[in-house]
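For reference, the structure discussed in these notes is given below.
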Amino acid sequence: MTDLEDAYLIHQEVAPKVQVIRFVKPDLRRQLDPIVEDSNILLREISAILEKMPQGGQIIFNFGLVERFPTSFFQLMMRARQQVLARDGRICLCCFRHEIVPSVELMGGSRLFAMANSEEAAVREAHAK
């Protein structure tokens, strides 16, 4: 996306084989619907990034600006997880607001994903692996 007004995420390679995707809107529910279809805009954008991810790479999803985390967002992360694991990669979710953490935990977040309180901690952990 070229127009920042229409951007939903920012992608950055922060180190060799370590990439960060930062969501830049507080409420992405409209863009998450319908998550079950491959036509979903966030799914398409994330899938395009993950298709270029190197074998054994690591991806960090930063949720620092996200204020709403519906189950469809978790479903999106599960689809991303499948793509990352298919490349023998690692996935980390970071920077959730305190009020969102219980919902993520209820859906099994820490069992399925590495979790970090900050992007800096997630990048540091990625370097240690």
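Residues are named by chain letter and number: chains run A, B, ... in the order of the structure tokens, numbers start at 1 in each chain, and ligands are numbered from 1 in the order shown.
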Exercise for the section: Mind listing the strand (DSSP E) residues of segment 41-108 of chain A, per DSSP on the backbone, as a list of chain:residue names? Expected result: A:Gln58, A:Ile59, A:Ile60, A:Phe61, A:Asn62, A:Arg90, A:Ile91, A:Cys92, A:Leu93, A:Cys94
Given the selection you just returned, output its residues as a file containing C-alpha atoms, formatted as a PDB file, in the first residue's frame.
```pdb
ATOM      1  CA  GLN A  58      11.250 -15.314  12.232  1.00  0.00           C
ATOM      2  CA  ILE A  59       8.256 -13.006  12.111  1.00  0.00           C
ATOM      3  CA  ILE A  60       7.097 -10.711  14.885  1.00  0.00           C
ATOM      4  CA  PHE A  61       3.562  -9.307  14.883  1.00  0.00           C
ATOM      5  CA  ASN A  62       3.341  -6.046  16.850  1.00  0.00           C
ATOM      6  CA  ARG A  90       9.125 -18.932  14.296  1.00  0.00           C
ATOM      7  CA  ILE A  91       6.322 -16.526  15.067  1.00  0.00           C
ATOM      8  CA  CYS A  92       6.025 -14.114  17.971  1.00  0.00           C
ATOM      9  CA  LEU A  93       3.149 -11.852  19.000  1.00  0.00           C
ATOM     10  CA  CYS A  94       4.035  -8.761  20.998  1.00  0.00           C
TER      11      CYS A  94
END
```
Practice task
Mind the document's chain letters and residue numbers, and return as a VMD selection string the residues of segment 37-82 of chain A that DSSP labels helix (DSSP H, G or I).
Solution key: chain A and resid 41 to 51 71 to 82
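Of the residues under consideration (A:Val66, A:Val20, A:Ala121, A:Ala126), A:Val20 shows the shortest atom-to-atom contact distance to Ile49 of chain A when counting only C-alpha atoms.
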Practice task
Excluding Glu45 of chain A and residues on its chain fewer than 2 positions from it, collect all residues at most 10 Å away from it, counting only C-alpha atoms, and give them as a PyMOL selection string.
Solution key: chain A and resi 1+8-9+11+40-43+47-50
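Nearest-residue note for Ile46 of chain A: choosing from A:Leu65, A:Val104, A:Met115, A:Ile21, the minimum distance belongs to A:Ile21, counting only C-alpha atoms.
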Find the residues around Met53 of chain A up to 9 Å (only C-alpha atoms counted), leave out those fewer than 2 positions away in its own chain, and share them as a JSON list (two decimals) with C-alpha atoms, in the first residue's frame.
```json
[["chain", "number", "residue", "atom", "x", "y", "z"],
["A", 17, "LYS", "CA", 15.76, -13.54, 8.74],
["A", 18, "VAL", "CA", 13.89, -11.39, 11.30],
["A", 19, "GLN", "CA", 10.86, -9.41, 10.15],
["A", 49, "ILE", "CA", 4.89, -11.07, 3.09],
["A", 50, "LEU", "CA", 5.14, -14.60, 4.48],
["A", 51, "GLU", "CA", 5.53, -16.14, 1.02],
["A", 55, "GLN", "CA", 13.35, -20.72, 5.37],
["A", 56, "GLY", "CA", 13.88, -20.71, 9.13],
["A", 57, "GLY", "CA", 12.99, -17.03, 9.36],
["A", 58, "GLN", "CA", 11.25, -15.31, 12.23],
["A", 59, "ILE", "CA", 8.26, -13.01, 12.11],
["A", 84, "VAL", "CA", 5.42, -19.70, 9.08],
["A", 87, "ARG", "CA", 8.89, -22.63, 6.32],
["A", 89, "GLY", "CA", 10.03, -20.47, 10.97]]
```
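Among the candidates A:Glu67, A:Ser72, A:Leu85, A:Glu119, the residue lying nearest to His98 of chain A is A:Glu67 (atoms considered: only C-alpha atoms).
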Practice task
Could you tell me which of A:Ala128, A:Ile10, A:Leu106, A:Gln31 comes closest to Phe73 of chain A if we count only C-alpha atoms?
Solution key: A:Gln31
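Proximity of A:Leu112, A:Val24, A:Pro102, A:Arg30 to Ala80 of chain A, computed with only C-alpha atoms, is greatest for A:Leu112.
Atom CA of Pro70 of chain A is found 8.9 Å from atom CA of Leu32 of chain A.
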Handout entry: Exercise: Gly64 of chain A partners within 7 Å, only C-alpha atoms, chain neighbours under 4 positions left out, as a list in words
Key = Cys95, Phe96 and Arg97 of chain A
Could you save the residues just selected, with N, CA, C and O atoms, as an mmCIF file, in the first residue's frame?
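Contents of part21.cif, as written:
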```
data_model
loop_
_atom_site.group_PDB
_atom_site.id
_atom_site.type_symbol
_atom_site.label_atom_id
_atom_site.label_comp_id
_atom_site.auth_asym_id
_atom_site.auth_seq_id
_atom_site.Cartn_x
_atom_site.Cartn_y
_atom_site.Cartn_z
ATOM 1 N N CYS A 95 3.373 -6.858 22.264
ATOM 2 C CA CYS A 95 2.853 -5.511 22.538
ATOM 3 C C CYS A 95 1.333 -5.432 22.686
ATOM 4 O O CYS A 95 0.738 -4.388 22.407
ATOM 5 N N PHE A 96 0.706 -6.507 23.147
ATOM 6 C CA PHE A 96 -0.741 -6.446 23.371
ATOM 7 C C PHE A 96 -1.048 -5.486 24.505
ATOM 8 O O PHE A 96 -0.333 -5.429 25.507
ATOM 9 N N ARG A 97 -2.146 -4.766 24.373
ATOM 10 C CA ARG A 97 -2.640 -3.933 25.470
ATOM 11 C C ARG A 97 -3.043 -4.864 26.619
ATOM 12 O O ARG A 97 -3.474 -5.985 26.397
#
```
